[in-house]
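Visitor: Can you read through this structure? Questions will come right after.
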Amino acid sequence: MNILKVENLCKKIGKKEILNNVNLEINSGDIMAFIGPNGAGKTTAIKCILGLQKMTSGKVTINGHDIKKDFVSAIEHVGCIVESPDVYLYLTGYENLKLQASLYKDIKEEEIMRVIKLVGLRDCIHEKVSKYSLGMRERLGIAIALLNYPKLLILDEPTNGLDPEGIKDLRKLLVNIAKSGTGILISSHNLSELESFCNKVCIISNGKIIETNNISEIKKIDENKYIIKVDDTNLVKKFLNKEDSILDKNYFMVIKDEKDVAKFIKLLVNKNINIYEVKKETLSLEEAFINKAGGKNG
């Protein structure tokens, strides 16, 4: 089911073009990494999608509703954190949630407790937010964003300031949320982390979409390279082609298509050479980003 559809989104400030024909789609259960260098237009695109900034032209449809024609219906089941969670430090976590719940129709006590449990804040929910760590505040912000059972969750740099444990907790939380059918758009510079749980990637540079695809396709390389581990690579040298290479005592690389690799492994096994690992080489998300966007993820 299509949750978000952005069509030819353009944004100009004066004569400066910030976004140029941005197109992307998110379906139910998708977690899309929205990546690009600083100043690429990520936050501006997010704000236009949410109606926080007026787009110059284009169309944004959320849950089947055009945000220009029916903004209330479009935004009704959207949760978001843009730049940082907007919470009151002098209130407790529970009081913040209670206050936000009052802005919606019929948010009951059990629904507040549901999001508290979901984000793992039960033990500190009655403490003042000023005592919370950055990770706890981030989780509180996500709890607020989840109060209205969003079908679309948009997070702009949610891992900023989080320690490794906080990032790990956030990753688990987002995966569970997506399993319930929510579509998630997440912007972050932490590419290695996004790589571990996102299923789609949208790369933006200079206000233009470079590529949108499944993460496995984004990371593909042109050649079929396989890394193989054996007891001793000296044993396999005579079976290698010119384009293949020895990496070290235990690992070597071959360039073959899938069927030829299967035959090659069978050959080695028949020669009593032990195979411990066969892995197809792919790019990391960071490497793929640099190759496609031609720059660093600043």
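Please note that chains go A, B, ... in the order of the structure tokens, that every chain numbers its residues from 1, and that ligands are numbered from 1 in the order shown.
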Per residue of range 175-283 of chain A within 8 Å of range 41-64 of chain A, note the shortest atom pair and the distance in Å to one decimal, counting only C-alpha atoms, and order the rows by chain and increasing residue number, as CSV.

Guide:
```
residue,atom,partner,partner_atom,distance
A:Ser187,CA,A:Lys42,CA,7.1
A:Ile204,CA,A:Lys42,CA,7.2
A:Ser205,CA,A:Gly41,CA,7.4
A:Asn206,CA,A:Gly41,CA,6.9
A:Gly207,CA,A:Gly41,CA,5.1
```

Visitor: Neighbours of Tyr251 in chain A within 7 Å (only C-alpha atoms; same-chain residues fewer than 6 positions away dropped), as a PyMOL selection string?

Guide: chain A and resi 227-230+233

Visitor: Go ahead and write the residues just picked, C-alpha atoms, as a CSV table (one decimal), in the first residue's frame.

Guide:
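again_11.csv was written with the following content:
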```
chain,number,residue,atom,x,y,z
A,227,ILE,CA,35.4,-13.6,-1.6
A,228,ILE,CA,36.2,-17.2,-0.6
A,229,LYS,CA,37.9,-18.5,2.5
A,230,VAL,CA,40.1,-21.6,2.6
A,233,THR,CA,45.3,-20.0,-0.6
```

Visitor: Output as a ChimeraX atom specification all residues of range 5-254 of chain A that backbone DSSP marks as alpha helix (DSSP H).

Guide: /A:42-49,71-75,93-101,109-119,134-145,164-179,191-195,215-218

Visitor: Pick the closest to Asn96 in chain A from A:Ile218, A:Leu247, A:Val129, A:Leu194: which is it, counting only C-alpha atoms?

Guide: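 The closest residue to Asn96 in chain A is A:Val129.
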
Visitor: Do a neighbour search on Lys249 in chain A at 8 Å with only C-alpha atoms, toss out local chain neighbours closer than 4 positions, and write the hits as a list in words.

Guide: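 Near Lys249 in chain A, the qualifying residues are Asp231, Asp232, Thr233 and Asn234 of chain A.
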
Visitor: Set the distance at 9 Å and use only C-alpha atoms: which residues neighbour Ser284 in chain A once local chain neighbours fewer than 4 positions away are removed? I'd like the list as an mmCIF file with N, CA and C atoms, in the first residue's frame.

Guide:
```
data_model
loop_
_atom_site.group_PDB
_atom_site.id
_atom_site.type_symbol
_atom_site.label_atom_id
_atom_site.label_comp_id
_atom_site.auth_asym_id
_atom_site.auth_seq_id
_atom_site.Cartn_x
_atom_site.Cartn_y
_atom_site.Cartn_z
ATOM 1 N N LEU A 191 25.461 6.572 7.852
ATOM 2 C CA LEU A 191 25.129 5.645 6.779
ATOM 3 C C LEU A 191 25.326 4.190 7.163
ATOM 4 N N SER A 192 26.359 3.903 7.941
ATOM 5 C CA SER A 192 26.600 2.515 8.339
ATOM 6 C C SER A 192 25.449 1.989 9.185
ATOM 7 N N GLU A 195 22.298 1.447 6.946
ATOM 8 C CA GLU A 195 22.499 0.261 6.122
ATOM 9 C C GLU A 195 22.003 -1.003 6.820
ATOM 10 N N LYS A 219 23.705 -0.968 -3.574
ATOM 11 C CA LYS A 219 25.032 -1.430 -3.172
ATOM 12 C C LYS A 219 25.674 -2.393 -4.174
ATOM 13 N N ALA A 288 28.695 3.358 -1.863
ATOM 14 C CA ALA A 288 27.714 3.536 -2.933
ATOM 15 C C ALA A 288 27.298 4.996 -3.040
ATOM 16 N N PHE A 289 27.116 5.646 -1.880
ATOM 17 C CA PHE A 289 26.737 7.061 -1.864
ATOM 18 C C PHE A 289 27.811 7.918 -2.528
#
```

Visitor: Which residue out of A:Lys200, A:Asn8, A:Val87, A:Val72 has the minimum interatomic distance to Leu99 in chain A when only C-alpha atoms are used?

Guide: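 Of A:Lys200, A:Asn8, A:Val87, A:Val72, the one nearest Leu99 in chain A is A:Val87, counting only C-alpha atoms.
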
Visitor: Might you pull out every residue within 10 Å of Glu111 in chain A, with only C-alpha atoms counted and same-chain residues fewer than 2 positions away left off, and present them as a ChimeraX atom specification?

Guide: /A:101,106-109,113-117,146-149

Visitor: Considering only C-alpha atoms, return as a PyMOL selection string whatever protein or nucleic-acid residues lie within 12 Å of Leu240 in chain A, sequence-local ones (same chain, fewer than 2 positions apart) excluded.

Guide: chain A and resi 233-238+242-246+252-256+261+264-265+267-268

Visitor: List the spatial neighbours of Asn224 in chain A as a list in words - criterion: any atom at most 8 Å away, only C-alpha atoms, same-chain residues fewer than 2 positions off excluded.

Guide: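 Skipping anything fewer than 2 positions along the chain leaves Ile221, Asp222, Tyr226, Ile255, Lys256, Asp257, Glu258, Lys280 and Glu281 of chain A.
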
Visitor: From the set A:Asn2, A:Asn21, A:Ser188, A:Asn214, which residue has the shortest atom-to-atom contact distance to Glu83 in chain A, counting only C-alpha atoms?

Guide: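 Looking at the shortest contact to Glu83 in chain A, the residue is A:Ser188.
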